[in-house]
file input-v5.cif (mmCIF, C-alpha atoms)
data_my_file
loop_
_atom_site.label_atom_id
_atom_site.label_comp_id
_atom_site.auth_asym_id
_atom_site.auth_seq_id
_atom_site.Cartn_x
_atom_site.Cartn_y
_atom_site.Cartn_z
CA MET Z 1 -4.62 -5.67 -45.60
CA ILE Z 2 -2.04 -7.09 -43.19
CA ARG Z 3 -2.95 -10.59 -42.01
CA LYS Z 4 -2.00 -12.07 -38.62
CA GLU Z 5 -3.29 -14.99 -36.62
CA VAL Z 6 -3.60 -13.05 -33.35
CA ILE Z 7 -3.32 -9.32 -32.71
CA ILE Z 8 -2.92 -7.86 -29.20
CA ILE Z 9 -4.11 -4.27 -28.73
CA GLY Z 10 -1.93 -2.62 -26.08
CA ALA Z 11 1.56 -3.37 -24.79
CA GLY Z 12 0.88 -2.71 -21.13
CA PRO Z 13 1.15 -5.39 -18.42
CA ALA Z 14 -1.89 -7.30 -19.70
CA GLY Z 15 -0.97 -7.13 -23.38
CA MET Z 16 2.65 -8.13 -22.83
CA ALA Z 17 1.64 -11.05 -20.60
CA ALA Z 18 -0.89 -12.21 -23.21
CA ALA Z 19 1.68 -12.04 -26.03
CA VAL Z 20 4.32 -13.95 -24.06
CA LYS Z 21 1.77 -16.60 -23.06
CA LEU Z 22 0.59 -17.12 -26.65
CA GLU Z 23 4.16 -17.43 -27.92
CA SER Z 24 4.93 -20.00 -25.21
CA MET Z 25 1.98 -22.08 -26.44
CA GLY Z 26 3.35 -22.20 -29.97
CA PHE Z 27 1.59 -19.27 -31.61
CA ARG Z 28 4.15 -17.38 -33.69
CA ASP Z 29 2.03 -15.30 -36.08
CA LEU Z 30 1.45 -12.52 -33.54
CA LEU Z 31 1.46 -8.73 -33.62
CA VAL Z 32 1.14 -6.17 -30.81
CA LEU Z 33 -0.24 -2.68 -31.55
CA GLU Z 34 0.84 -0.01 -29.03
CA LYS Z 35 -0.11 3.67 -29.15
CA GLU Z 36 2.94 4.86 -27.18
CA GLU Z 37 6.55 4.85 -28.34
CA GLN Z 38 7.52 2.27 -25.69
CA PRO Z 39 5.86 -0.74 -24.05
CA GLY Z 40 4.69 -0.73 -20.44
CA GLY Z 41 1.57 1.41 -20.54
CA VAL Z 42 0.95 3.33 -17.34
CA LEU Z 43 3.73 1.37 -15.60
CA ARG Z 44 6.30 3.68 -17.20
CA GLN Z 45 5.21 6.53 -14.94
CA CYS Z 46 4.52 4.46 -11.80
CA ILE Z 47 7.95 4.84 -10.19
CA HIS Z 48 6.73 3.75 -6.74
CA PRO Z 49 7.29 0.19 -5.42
CA GLY Z 50 4.63 -2.44 -4.75
CA PHE Z 51 4.59 -4.26 -8.09
CA GLY Z 52 5.48 -7.90 -8.71
CA LEU Z 53 5.16 -9.33 -5.20
CA ILE Z 54 2.81 -12.06 -6.42
CA ARG Z 55 4.14 -12.60 -9.96
CA PHE Z 56 7.88 -12.30 -9.37
CA GLY Z 57 8.19 -12.51 -5.58
CA ARG Z 58 9.99 -9.15 -5.57
CA ASN Z 59 9.00 -5.62 -4.65
CA LEU Z 60 9.48 -3.77 -7.94
CA THR Z 61 8.67 -0.32 -9.27
CA GLY Z 62 6.43 0.05 -12.33
CA PRO Z 63 9.31 0.51 -14.82
CA GLU Z 64 11.15 -2.50 -13.35
CA TYR Z 65 8.03 -4.68 -13.63
CA SER Z 66 7.53 -3.53 -17.21
CA LEU Z 67 11.15 -4.32 -18.07
CA GLU Z 68 10.68 -7.94 -16.96
CA TYR Z 69 8.00 -8.45 -19.62
CA ARG Z 70 9.69 -6.26 -22.20
CA ASN Z 71 12.76 -8.50 -22.02
CA ARG Z 72 10.59 -11.62 -22.38
CA MET Z 73 8.87 -10.18 -25.44
CA GLU Z 74 12.17 -9.29 -27.07
CA GLU Z 75 13.64 -12.72 -26.31
CA ALA Z 76 10.60 -14.34 -27.91
CA GLY Z 77 10.89 -12.07 -30.95
CA ILE Z 78 7.31 -10.82 -30.70
CA PRO Z 79 6.82 -7.88 -33.11
CA VAL Z 80 5.35 -4.61 -31.83
CA CYS Z 81 4.09 -1.64 -33.86
CA TYR Z 82 4.66 1.47 -31.73
CA ASP Z 83 3.04 4.90 -32.13
CA THR Z 84 0.04 3.04 -33.52
CA THR Z 85 -3.44 4.04 -32.37
CA VAL Z 86 -6.34 1.65 -32.94
CA LEU Z 87 -9.30 3.52 -34.44
CA LYS Z 88 -11.80 0.73 -35.04
CA VAL Z 89 -12.32 -2.97 -34.31
CA ARG Z 90 -15.11 -4.74 -36.16
CA LYS Z 91 -16.28 -8.16 -37.28
CA GLY Z 92 -15.16 -9.22 -40.73
CA GLU Z 93 -17.59 -10.66 -43.27
CA ASP Z 94 -15.94 -14.10 -43.15
CA GLY Z 95 -15.90 -14.30 -39.35
CA GLY Z 96 -12.45 -12.80 -38.78
CA ILE Z 97 -11.63 -9.48 -37.13
CA ILE Z 98 -10.68 -6.27 -38.94
CA ILE Z 99 -8.66 -3.67 -37.03
CA THR Z 100 -8.11 -0.16 -38.37
CA ALA Z 101 -5.12 1.65 -36.87
CA ALA Z 102 -3.17 4.86 -37.53
CA GLY Z 103 0.61 4.72 -37.26
CA PRO Z 104 3.78 6.43 -38.49
CA ASP Z 105 3.12 5.19 -42.03
CA GLY Z 106 -0.52 6.26 -42.10
CA THR Z 107 -3.77 4.35 -41.60
CA LYS Z 108 -3.72 0.59 -42.16
CA GLU Z 109 -6.13 -2.31 -41.85
CA TYR Z 110 -5.21 -5.57 -40.15
CA TYR Z 111 -7.03 -8.88 -40.38
CA CYS Z 112 -6.76 -11.56 -37.69
CA ASP Z 113 -8.51 -14.73 -36.57
CA ALA Z 114 -8.52 -13.68 -32.90
CA ALA Z 115 -7.63 -10.51 -30.99
CA ILE Z 116 -6.95 -9.54 -27.40
CA LEU Z 117 -8.03 -6.14 -26.11
CA ALA Z 118 -5.55 -4.91 -23.50
CA SER Z 119 -6.08 -1.17 -23.95
CA GLY Z 120 -6.42 -0.30 -20.26
CA CYS Z 121 -8.50 2.57 -18.88
CA ARG Z 122 -8.91 6.30 -19.02
CA GLU Z 123 -9.52 8.54 -16.03
CA ARG Z 124 -12.81 10.24 -15.20
CA SER Z 125 -12.65 13.91 -16.08
CA ARG Z 126 -14.11 16.90 -14.29
CA GLY Z 127 -17.02 16.83 -16.72
CA ALA Z 128 -17.85 13.26 -15.75
CA LEU Z 129 -17.88 14.30 -12.08
CA MET Z 130 -20.13 17.31 -12.83
CA ILE Z 131 -18.27 19.76 -10.60
CA ALA Z 132 -19.59 23.31 -10.97
CA GLY Z 133 -17.50 26.46 -11.14
CA THR Z 134 -15.02 28.19 -13.40
CA ARG Z 135 -12.42 26.56 -15.65
CA PRO Z 136 -9.03 27.84 -14.46
CA ALA Z 137 -5.60 26.22 -14.83
CA GLY Z 138 -4.57 23.80 -12.10
CA ILE Z 139 -7.22 21.07 -12.58
CA LEU Z 140 -5.78 17.74 -13.72
CA THR Z 141 -6.22 14.01 -13.25
CA ALA Z 142 -3.98 11.99 -10.95
CA GLY Z 143 -2.50 10.10 -13.91
CA THR Z 144 -1.65 13.33 -15.71
CA ALA Z 145 -0.03 14.71 -12.56
CA GLN Z 146 1.90 11.47 -12.17
CA GLY Z 147 3.19 11.68 -15.74
CA MET Z 148 4.20 15.32 -15.35
CA MET Z 149 6.18 14.63 -12.19
CA ASN Z 150 7.65 11.20 -12.95
CA LEU Z 151 8.32 11.50 -16.69
CA LEU Z 152 8.87 15.25 -17.09
CA ASN Z 153 10.15 16.16 -13.60
CA THR Z 154 7.58 18.97 -13.42
CA LYS Z 155 5.98 20.22 -10.19
CA VAL Z 156 2.21 20.67 -10.58
CA GLY Z 157 1.29 22.93 -7.64
CA GLU Z 158 1.91 24.12 -4.09
CA ARG Z 159 -1.40 23.67 -2.22
CA ILE Z 160 -3.32 20.66 -3.48
CA VAL Z 161 -6.78 19.14 -2.92
CA ILE Z 162 -7.26 15.59 -4.22
CA ILE Z 163 -10.75 14.44 -5.21
CA GLY Z 164 -11.21 10.69 -4.74
CA SER Z 165 -9.16 8.21 -2.75
CA GLY Z 166 -8.19 5.84 -5.56
CA ASP Z 167 -4.75 4.26 -5.35
CA ILE Z 168 -3.15 6.65 -7.86
CA GLY Z 169 -4.47 9.63 -5.92
CA LEU Z 170 -3.12 8.27 -2.64
CA ILE Z 171 0.29 7.53 -4.15
CA MET Z 172 0.46 11.00 -5.67
CA ALA Z 173 -0.44 12.56 -2.31
CA ARG Z 174 2.78 11.09 -0.94
CA ARG Z 175 4.73 12.13 -4.03
CA PHE Z 176 3.46 15.73 -3.83
CA THR Z 177 4.37 15.92 -0.14
CA LEU Z 178 7.89 14.57 -0.55
CA GLU Z 179 8.55 17.00 -3.41
CA GLY Z 180 7.60 20.00 -1.26
CA SER Z 181 3.92 20.56 -2.08
CA ARG Z 182 1.26 20.56 0.62
CA VAL Z 183 -1.70 18.22 0.23
CA LEU Z 184 -4.50 19.91 2.17
CA CYS Z 185 -6.87 16.91 2.09
CA VAL Z 186 -8.16 13.95 0.11
CA VAL Z 187 -11.94 14.14 -0.39
CA GLU Z 188 -13.85 10.85 -0.78
CA LYS Z 189 -17.63 10.69 -1.35
CA GLU Z 190 -17.93 7.16 0.10
CA ASP Z 191 -17.60 6.32 3.79
CA VAL Z 192 -14.37 4.38 3.36
CA CYS Z 193 -11.10 4.86 1.51
CA GLY Z 194 -11.25 3.67 -2.09
CA GLY Z 195 -7.62 2.56 -2.32
CA LEU Z 196 -5.68 -0.32 -0.80
CA SER Z 197 -5.25 -0.16 2.97
CA ARG Z 198 -1.47 -0.23 2.63
CA ASN Z 199 -1.60 2.83 0.37
CA ARG Z 200 -3.73 4.70 2.87
CA LYS Z 201 -1.22 3.83 5.59
CA GLU Z 202 1.95 4.60 3.63
CA CYS Z 203 0.69 7.58 1.63
CA LEU Z 204 -1.70 9.41 3.94
CA ASP Z 205 -1.17 8.30 7.54
CA ASP Z 206 2.64 8.41 7.30
CA PHE Z 207 2.50 12.09 6.38
CA GLY Z 208 -0.52 13.23 8.36
CA ILE Z 209 -2.61 13.95 5.25
CA PRO Z 210 -6.31 14.15 6.20
CA LEU Z 211 -8.87 11.92 4.45
CA VAL Z 212 -12.35 13.47 4.43
CA THR Z 213 -14.93 10.73 3.79
CA GLY Z 214 -18.61 11.19 3.04
CA ALA Z 215 -17.90 14.47 1.26
CA GLN Z 216 -17.66 15.97 -2.23
CA VAL Z 217 -16.07 18.94 -3.92
CA VAL Z 218 -19.09 20.76 -5.37
CA ARG Z 219 -17.52 23.92 -6.81
CA ILE Z 220 -14.15 25.17 -8.03
CA TYR Z 221 -13.22 28.87 -7.98
CA GLY Z 222 -10.52 30.80 -9.81
CA GLU Z 223 -9.81 32.83 -12.92
CA LYS Z 224 -6.38 32.16 -14.40
CA ARG Z 225 -5.50 29.63 -11.68
CA VAL Z 226 -7.51 27.62 -9.13
CA ARG Z 227 -8.12 29.76 -6.06
CA SER Z 228 -10.30 27.57 -3.82
CA VAL Z 229 -12.88 24.79 -3.68
CA THR Z 230 -16.10 24.22 -1.76
CA ILE Z 231 -16.41 20.89 0.05
CA ARG Z 232 -19.89 19.67 1.04
CA GLU Z 233 -20.22 16.86 3.57
CA ASP Z 234 -23.09 14.38 3.77
CA ASP Z 235 -24.73 16.34 6.59
CA GLY Z 236 -25.00 19.38 4.29
CA LEU Z 237 -22.27 21.45 5.91
CA GLU Z 238 -20.00 23.30 3.49
CA ARG Z 239 -16.53 24.77 3.86
CA THR Z 240 -14.11 26.54 1.57
CA VAL Z 241 -10.52 25.38 1.17
CA GLU Z 242 -7.99 27.70 -0.46
CA CYS Z 243 -5.73 25.85 -2.91
CA ASP Z 244 -4.00 26.31 -6.26
CA THR Z 245 -4.38 22.77 -7.65
CA VAL Z 246 -7.18 20.18 -7.83
CA VAL Z 247 -6.24 16.58 -8.67
CA LEU Z 248 -8.95 14.14 -9.77
CA SER Z 249 -8.63 10.50 -8.69
CA ALA Z 250 -12.26 9.50 -8.94
CA GLY Z 251 -12.36 6.33 -10.97
CA LEU Z 252 -11.35 4.75 -14.25
CA ILE Z 253 -13.31 3.89 -17.39
CA PRO Z 254 -12.31 0.94 -19.65
CA GLU Z 255 -10.91 2.15 -22.98
CA ASP Z 256 -12.98 0.21 -25.51
CA GLY Z 257 -15.01 2.83 -27.37
CA PHE Z 258 -13.45 1.87 -30.71
CA VAL Z 259 -15.03 -1.62 -30.68
CA GLU Z 260 -18.06 -1.72 -33.00
CA GLY Z 261 -20.76 -4.13 -31.83
CA GLU Z 262 -20.09 -7.73 -30.85
CA VAL Z 263 -16.88 -9.14 -32.28
CA PRO Z 264 -16.49 -12.94 -31.93
CA GLY Z 265 -12.90 -13.88 -31.18
CA LEU Z 266 -12.14 -10.59 -29.36
CA PHE Z 267 -11.09 -11.22 -25.74
CA TYR Z 268 -10.89 -8.47 -23.14
CA CYS Z 269 -8.30 -8.49 -20.36
CA GLY Z 270 -6.62 -6.33 -17.73
CA ASN Z 271 -8.20 -3.00 -16.90
CA ALA Z 272 -10.05 -3.00 -20.22
CA LEU Z 273 -12.11 -5.83 -18.70
CA TYR Z 274 -12.47 -4.33 -15.21
CA VAL Z 275 -10.25 -2.27 -12.92
CA HIS Z 276 -7.83 -4.44 -10.95
CA ASP Z 277 -6.19 -3.49 -7.66
CA LEU Z 278 -2.79 -5.01 -8.46
CA VAL Z 279 -0.73 -5.16 -11.65
CA ASP Z 280 0.03 -8.83 -10.89
CA GLU Z 281 -3.69 -9.49 -11.38
CA VAL Z 282 -3.63 -7.53 -14.64
CA SER Z 283 -0.88 -9.76 -16.03
CA GLU Z 284 -2.74 -12.87 -14.94
CA SER Z 285 -5.84 -11.58 -16.71
CA GLY Z 286 -3.75 -11.18 -19.88
CA GLU Z 287 -2.58 -14.79 -19.67
CA GLU Z 288 -6.15 -15.97 -19.18
CA ALA Z 289 -7.25 -14.04 -22.28
CA ALA Z 290 -4.39 -15.65 -24.20
CA MET Z 291 -5.65 -19.11 -23.25
CA ASP Z 292 -9.20 -18.15 -24.22
CA ALA Z 293 -7.96 -16.92 -27.59
CA ALA Z 294 -6.00 -20.13 -28.11
CA GLY Z 295 -9.08 -22.18 -27.24
CA PHE Z 296 -11.14 -20.16 -29.72
CA LEU Z 297 -8.61 -20.81 -32.49
CA LEU Z 298 -8.52 -24.50 -31.57
CA SER Z 299 -12.30 -24.70 -31.90
CA ARG Z 300 -11.95 -23.29 -35.43
CA GLY Z 301 -9.34 -25.83 -36.36
CA SER Z 302 -6.38 -23.45 -36.28
CA GLY Z 303 -5.10 -24.08 -32.74
CA ARG Z 304 -1.69 -25.47 -31.87
CA GLU Z 305 -1.14 -28.97 -30.54
CA THR Z 306 0.76 -27.44 -27.64
CA PHE Z 307 -2.44 -25.84 -26.43
CA SER Z 308 -4.29 -29.13 -25.91
CA ARG Z 309 -2.56 -29.60 -22.54
CA TYR Z 310 -3.52 -26.10 -21.44
CA ALA Z 311 -7.11 -26.62 -22.58
CA SER Z 312 -7.52 -29.80 -20.55
CA GLU Z 313 -5.39 -28.96 -17.49
CA GLU Z 314 -4.18 -25.38 -17.21
CA VAL Z 315 -7.31 -23.43 -18.15
CA PRO Z 316 -9.69 -24.98 -15.57
CA ARG Z 317 -7.05 -24.75 -12.83
CA VAL Z 318 -6.14 -21.13 -13.58
CA ARG Z 319 -9.76 -20.04 -13.73
CA LYS Z 320 -10.60 -21.80 -10.47
CA GLU Z 321 -7.59 -20.29 -8.68
CA ARG Z 322 -8.31 -16.86 -10.13
CA ARG Z 323 -11.97 -16.91 -9.03
CA ALA Z 324 -10.95 -17.99 -5.52
CA TYR Z 325 -8.29 -15.29 -5.37
CA VAL Z 326 -10.64 -12.53 -6.54
CA GLU Z 327 -13.29 -13.56 -4.00
CA ARG Z 328 -10.69 -13.65 -1.23
CA ARG Z 329 -9.49 -10.17 -2.18
CA LYS Z 330 -13.05 -8.83 -2.13
CA GLU Z 331 -13.67 -10.31 1.30
CA GLU Z 332 -10.41 -8.91 2.69
CA LYS Z 333 -11.24 -5.49 1.31
CA ARG Z 334 -14.74 -5.62 2.79
CA LEU Z 335 -13.46 -6.61 6.22
CA HIS Z 336 -10.25 -4.64 6.48
CA ARG Z 337 -10.18 -1.80 3.97
CA ASP Z 338 -10.77 0.82 6.65
CA ASP Z 339 -9.52 -1.16 9.65
CA HIS Z 340 -6.35 0.37 11.07
CA HIS Z 341 -5.70 -2.68 13.25
CA PHE Z 342 -4.54 -4.72 10.26
CA ILE Z 343 -1.66 -4.34 7.83
CA THR Z 344 -0.74 -6.35 4.74
CA CYS Z 345 2.79 -7.76 4.80
CA ILE Z 346 4.69 -7.06 1.56
CA ILE Z 347 7.79 -9.15 2.29
CA CYS Z 348 6.70 -12.09 0.13
CA PRO Z 349 3.86 -13.09 -2.26
CA ASN Z 350 1.74 -14.54 0.59
CA SER Z 351 0.64 -10.97 1.44
CA CYS Z 352 -0.46 -11.98 4.93
CA ARG Z 353 -2.75 -9.64 6.86
CA ILE Z 354 -1.17 -9.03 10.25
CA ASP Z 355 -3.11 -7.87 13.31
CA LEU Z 356 -1.06 -4.99 14.75
CA ARG Z 357 -2.54 -5.54 18.20
CA ASP Z 358 -0.92 -8.94 18.79
CA LEU Z 359 1.15 -9.37 15.57
CA SER Z 360 -0.82 -12.50 14.63
CA GLY Z 361 -1.88 -13.60 11.15
CA GLY Z 362 1.47 -14.20 9.48
CA GLN Z 363 2.43 -17.49 7.86
CA CYS Z 364 6.11 -17.01 8.65
CA PRO Z 365 8.26 -15.11 11.22
CA ARG Z 366 9.03 -12.39 8.67
CA GLY Z 367 5.43 -11.19 8.86
CA GLU Z 368 5.69 -10.60 12.58
CA VAL Z 369 8.99 -8.71 12.12
CA TYR Z 370 7.48 -6.58 9.36
CA ALA Z 371 4.41 -5.73 11.45
CA ARG Z 372 6.51 -4.88 14.52
CA ASN Z 373 8.65 -2.51 12.46
CA GLU Z 374 5.52 -0.89 11.03
CA LYS Z 375 4.19 -0.42 14.53
CA GLU Z 376 7.36 0.84 16.18
CA HIS Z 377 9.86 2.04 13.57
CA PRO Z 378 8.59 1.94 9.96
CA TYR Z 379 10.91 1.74 6.96
CA ARG Z 380 10.07 2.79 3.40
CA ILE Z 381 11.69 2.52 -0.03
CA LEU Z 382 12.45 5.99 -1.36
CA THR Z 383 11.41 6.58 -4.98
CA THR Z 384 11.77 9.84 -6.88
CA THR Z 385 13.31 11.28 -10.04
CA VAL Z 386 16.67 12.94 -10.65
CA LEU Z 387 18.08 14.77 -13.64
CA THR Z 388 21.11 14.08 -15.78
CA GLU Z 389 23.46 16.93 -16.57
CA LYS Z 390 21.55 17.31 -19.86
CA GLY Z 391 18.26 17.68 -18.00
CA GLU Z 392 16.88 14.21 -18.78
CA PRO Z 393 14.71 12.75 -15.97
CA VAL Z 394 15.70 9.40 -14.46
CA SER Z 395 13.52 7.49 -11.97
CA VAL Z 396 15.41 6.10 -8.98
CA ARG Z 397 14.87 4.10 -5.80
CA THR Z 398 16.82 2.95 -2.78
CA ASP Z 399 17.67 -0.74 -3.05
CA VAL Z 400 16.55 -1.31 0.56
CA PRO Z 401 14.02 0.50 2.76
CA ILE Z 402 15.25 3.42 4.85
CA PRO Z 403 13.73 4.91 8.04
CA LEU Z 404 10.50 6.79 7.30
CA GLU Z 405 11.84 9.95 8.89
CA GLU Z 406 14.73 10.01 6.38
CA LEU Z 407 12.54 10.10 3.24
CA GLN Z 408 12.17 13.88 3.10
CA LYS Z 409 15.89 14.38 3.63
CA GLY Z 410 16.64 11.96 0.80
CA VAL Z 411 14.34 13.73 -1.67
CA GLU Z 412 15.71 17.15 -0.79
CA THR Z 413 19.29 15.88 -1.26
CA LEU Z 414 18.46 14.47 -4.69
CA GLN Z 415 16.83 17.69 -5.89
CA ARG Z 416 20.34 19.11 -6.10
CA PHE Z 417 21.92 15.93 -7.51
CA ARG Z 418 22.82 15.64 -11.20
CA VAL Z 419 23.74 12.37 -12.92
CA PRO Z 420 26.77 12.62 -15.23
CA GLY Z 421 26.18 10.98 -18.60
CA PRO Z 422 23.57 8.44 -19.81
CA VAL Z 423 22.03 6.06 -17.28
CA LYS Z 424 20.83 2.45 -17.69
CA THR Z 425 18.20 0.63 -15.68
CA GLY Z 426 19.71 -1.07 -12.62
CA GLU Z 427 22.79 1.17 -12.54
CA ILE Z 428 23.93 2.23 -9.05
CA LEU Z 429 24.14 6.03 -8.96
CA LEU Z 430 25.10 6.59 -5.31
CA ARG Z 431 26.49 4.23 -2.68
CA ASP Z 432 25.82 4.60 1.05
CA PHE Z 433 23.01 7.02 0.27
CA ILE Z 434 21.37 8.43 3.44
CA CYS Z 435 22.15 5.23 5.39
CA PRO Z 436 25.29 3.02 5.30
CA GLY Z 437 24.82 0.08 2.93
CA THR Z 438 21.94 1.74 1.06
CA ASN Z 439 22.41 2.33 -2.67
CA LEU Z 440 20.50 4.60 -5.01
CA VAL Z 441 19.56 2.64 -8.16
CA ALA Z 442 18.10 3.79 -11.49
CA THR Z 443 14.76 2.11 -12.21
CA LYS Z 444 14.37 3.59 -15.68
CA GLY Z 445 17.36 4.84 -17.61
CA SER Z 446 17.65 8.18 -19.36
CA THR Z 447 17.97 6.51 -22.77
CA GLU Z 448 15.17 3.93 -22.40
#

call {"tool": "encode", "arguments": {"input": "input-v5.cif", "output": "structure tokens"}}
result
Amino acid sequence: MIRKEVIIIGAGPAGMAAAVKLESMGFRDLLVLEKEEQPGGVLRQCIHPGFGLIRFGRNLTGPEYSLEYRNRMEEAGIPVCYDTTVLKVRKGEDGGIIITAAGPDGTKEYYCDAAILASGCRERSRGALMIAGTRPAGILTAGTAQGMMNLLNTKVGERIVIIGSGDIGLIMARRFTLEGSRVLCVVEKEDVCGGLSRNRKECLDDFGIPLVTGAQVVRIYGEKRVRSVTIREDDGLERTVECDTVVLSAGLIPEDGFVEGEVPGLFYCGNALYVHDLVDEVSESGEEAAMDAAGFLLSRGSGRETFSRYASEEVPRVRKERRAYVERRKEEKRLHRDDHHFITCIICPNSCRIDLRDLSGGQCPRGEVYARNEKEHPYRILTTTVLTEKGEPVSVRTDVPIPLEELQKGVETLQRFRVPGPVKTGEILLRDFICPGTNLVATKGSTE
């Protein structure tokens, strides 16, 4: 049995943040177990921007955000076991925690004094949604579609219906459209959009994609491939929409089925605890779990002296600020989630909500400028994938926003572009792309 003081399950944004926080507090006997071959979790396939505004004060893509923490983990020398799937977590007879995991060298058992569960979520399947009909090809979750397009450079369909208005579904609606597919509609059973208001604006409204609220897909038709779906609205009216692909974006379920009973010393964080809107919140949740784990070890007489300051000062402050932030986010969502008069500024971490009618609500002049541009002449960062000459996919972005009307032209140009040789993250692939002074930058290299 391999013994460690603390084991972190999952090397996504929550797990990496927890590991870095523990190491900074003096805990060195750590180990991270990660089922994929690389750290980052779902961030690896989230090539769109919108990450890190709160945590880093920059508008990053998922791979760029992940790289920030990956570098910190490597600098701290935190060990990670990749390709290692946790099968069971249970309480040990002497009060410790026993973790059973399968890796490249077979199944092993690990013993630790405390553990952090940062395993994320899984998507709701068609079975969980209880949609009647046949079982043809062309039915997939939004996360699967995202991985196919962003990691494998594979187009999933031509005429697409999206079930559920979660953030991933909204983001993929934009991605499908820019890559030449037609999103016929997004169907949401609630009366309001389920995703962030900025995602509804930038992913649906920008491209004229209809959102049908108060409705459900009740049946799927097709033999070898999806042929059509039936949509039933709350008033009972039904209509048939012909399509070849159905994408499910109808909720997430915490991935914790391998935990057996109550396990003292096991601390949940990130989306394994509950689904967060922003990855910045996920990382903060990981840090909070790290402090809880450190406090637990301290109570058992195995904590570090460094942690005493956090226990007396940092922990109460962080928890108070986090509770206030979560409540503020809930209130903003309740008031403005479906209100088209407001927009959230993404220029800086303040994330001010600006009233588009009079441009009020910003804490600095940049908010007013951002809102005016959104109202009169919106700009967007272009994100997509390109191929190397060997056929390896590389995710890319423009280093500055470009006019909204130029996005489609940019994607179409890059569909014919091939990158010569290996590519590293941050490398400039094209200068003066689409607009003078705009560079095309790799956000995840071909060899990483």

call {"tool": "resolve_selection", "arguments": {"input": "input-v5.cif", "expression": "the PyMOL selection byres ((chain Z and resi 380-383) around 6)", "output": "list in words"}}
result
His48, Tyr379, Thr384, Val396, Arg397, Thr398, Pro401, Ile402 and Leu404 of chain Z

call {"tool": "resolve_selection", "arguments": {"input": "input-v5.cif", "expression": "the PyMOL selection byres ((chain Z and resi 378) around 12)", "output": "ChimeraX atom specification"}}
result
/Z:201-202,205-206,369-377,379-381,401-407

call {"tool": "closest_residue", "arguments": {"input": "input-v5.cif", "among": "Z:Gly286, Z:Gly265, Z:Gly251, Z:Gly138", "to": "Z:Ser299", "atoms": "only C-alpha atoms"}}
result
Z:Gly265

call {"tool": "atom_distance", "arguments": {"input": "input-v5.cif", "atom1": "atom CA of Z:Cys203", "atom2": "atom CA of Z:Val217"}}
result
21.0 Å

call {"tool": "closest_residue", "arguments": {"input": "input-v5.cif", "among": "Z:Asp94, Z:Met172, Z:Asp83, Z:Ile116", "to": "Z:Met149", "atoms": "all atoms listed in the file"}}
result
Z:Met172

call {"tool": "resolve_selection", "arguments": {"input": "input-v5.cif", "expression": "the PyMOL selection byres ((chain Z and resi 363) around 10)", "output": "number ranges by chain"}}
result
Z: 350-354, 360-362, 364-368

call {"tool": "atom_distance", "arguments": {"input": "input-v5.cif", "atom1": "atom CA of Z:Gly214", "atom2": "atom CA of Z:Arg232"}}
result
8.8 Å

call {"tool": "closest_residue", "arguments": {"input": "input-v5.cif", "among": "Z:Glu233, Z:Asp292, Z:Glu190, Z:Glu179", "to": "Z:Gly164", "atoms": "only C-alpha atoms"}}
result
Z:Glu190

call {"tool": "closest_residue", "arguments": {"input": "input-v5.cif", "among": "Z:Ala118, Z:Val42, Z:Ala76, Z:Leu53", "to": "Z:Gln146", "atoms": "all atoms listed in the file"}}
result
Z:Val42

call {"tool": "atom_distance", "arguments": {"input": "input-v5.cif", "atom1": "atom CA of Z:Leu278", "atom2": "atom CA of Z:Ala128"}}
result
24.8 Å

call {"tool": "closest_residue", "arguments": {"input": "input-v5.cif", "among": "Z:Asn150, Z:Thr177, Z:Asn59, Z:Thr141", "to": "Z:Leu252", "atoms": "all atoms listed in the file"}}
result
Z:Thr141

call {"tool": "closest_residue", "arguments": {"input": "input-v5.cif", "among": "Z:Val32, Z:Val187, Z:Ile139, Z:Ile343", "to": "Z:Arg225", "atoms": "all atoms listed in the file"}}
result
Z:Ile139

call {"tool": "residues_around", "arguments": {"input": "input-v5.cif", "residues": "Z:Ala215", "least_positions_apart": "6", "cutoff": "12 Å", "atoms": "only C-alpha atoms", "output": "list in words"}}
result
Ile163, Gly164, Ser165, Cys185, Val186, Val187, Glu188, Lys189, Glu190, Asp191, Val192, Cys193, Thr230, Ile231, Arg232, Glu233, Asp234, Asp235, Gly236, Leu237, Glu238 and Arg239 of chain Z

call {"tool": "residues_around", "arguments": {"input": "input-v5.cif", "residues": "Z:Gly222", "least_positions_apart": "2", "cutoff": "9 Å", "atoms": "all atoms listed in the file", "output": "MDAnalysis selection string"}}
result
chainID Z and resid 133:137 220 224:229 244

call {"tool": "residues_around", "arguments": {"input": "input-v5.cif", "residues": "Z:Leu151", "least_positions_apart": "2", "cutoff": "9 Å", "atoms": "only C-alpha atoms", "output": "number ranges by chain"}}
result
Z: 44-45, 146-149, 153-154, 385, 393-395

call {"tool": "residues_around", "arguments": {"input": "input-v5.cif", "residues": "Z:Gly270", "least_positions_apart": "5", "cutoff": "8 Å", "atoms": "all atoms listed in the file", "output": "ChimeraX atom specification"}}
result
/Z:13-14,118,120,275-276,281-283,285-286

call {"tool": "residues_around", "arguments": {"input": "input-v5.cif", "residues": "Z:Arg122", "least_positions_apart": "5", "cutoff": "7 Å", "atoms": "all atoms listed in the file", "output": "list in words"}}
result
Leu252, Ile253, Pro254 and Glu255 of chain Z

call {"tool": "write_last_selection", "arguments": {"input": "input-v5.cif", "atoms": "C-alpha atoms", "output": "short mmCIF file (atom, residue, chain, number, x, y, z; two decimals), keeping the file's coordinate frame"}}
result
data_model
loop_
_atom_site.label_atom_id
_atom_site.label_comp_id
_atom_site.auth_asym_id
_atom_site.auth_seq_id
_atom_site.Cartn_x
_atom_site.Cartn_y
_atom_site.Cartn_z
CA LEU Z 252 -11.35 4.75 -14.25
CA ILE Z 253 -13.31 3.89 -17.39
CA PRO Z 254 -12.31 0.94 -19.65
CA GLU Z 255 -10.91 2.15 -22.98
#
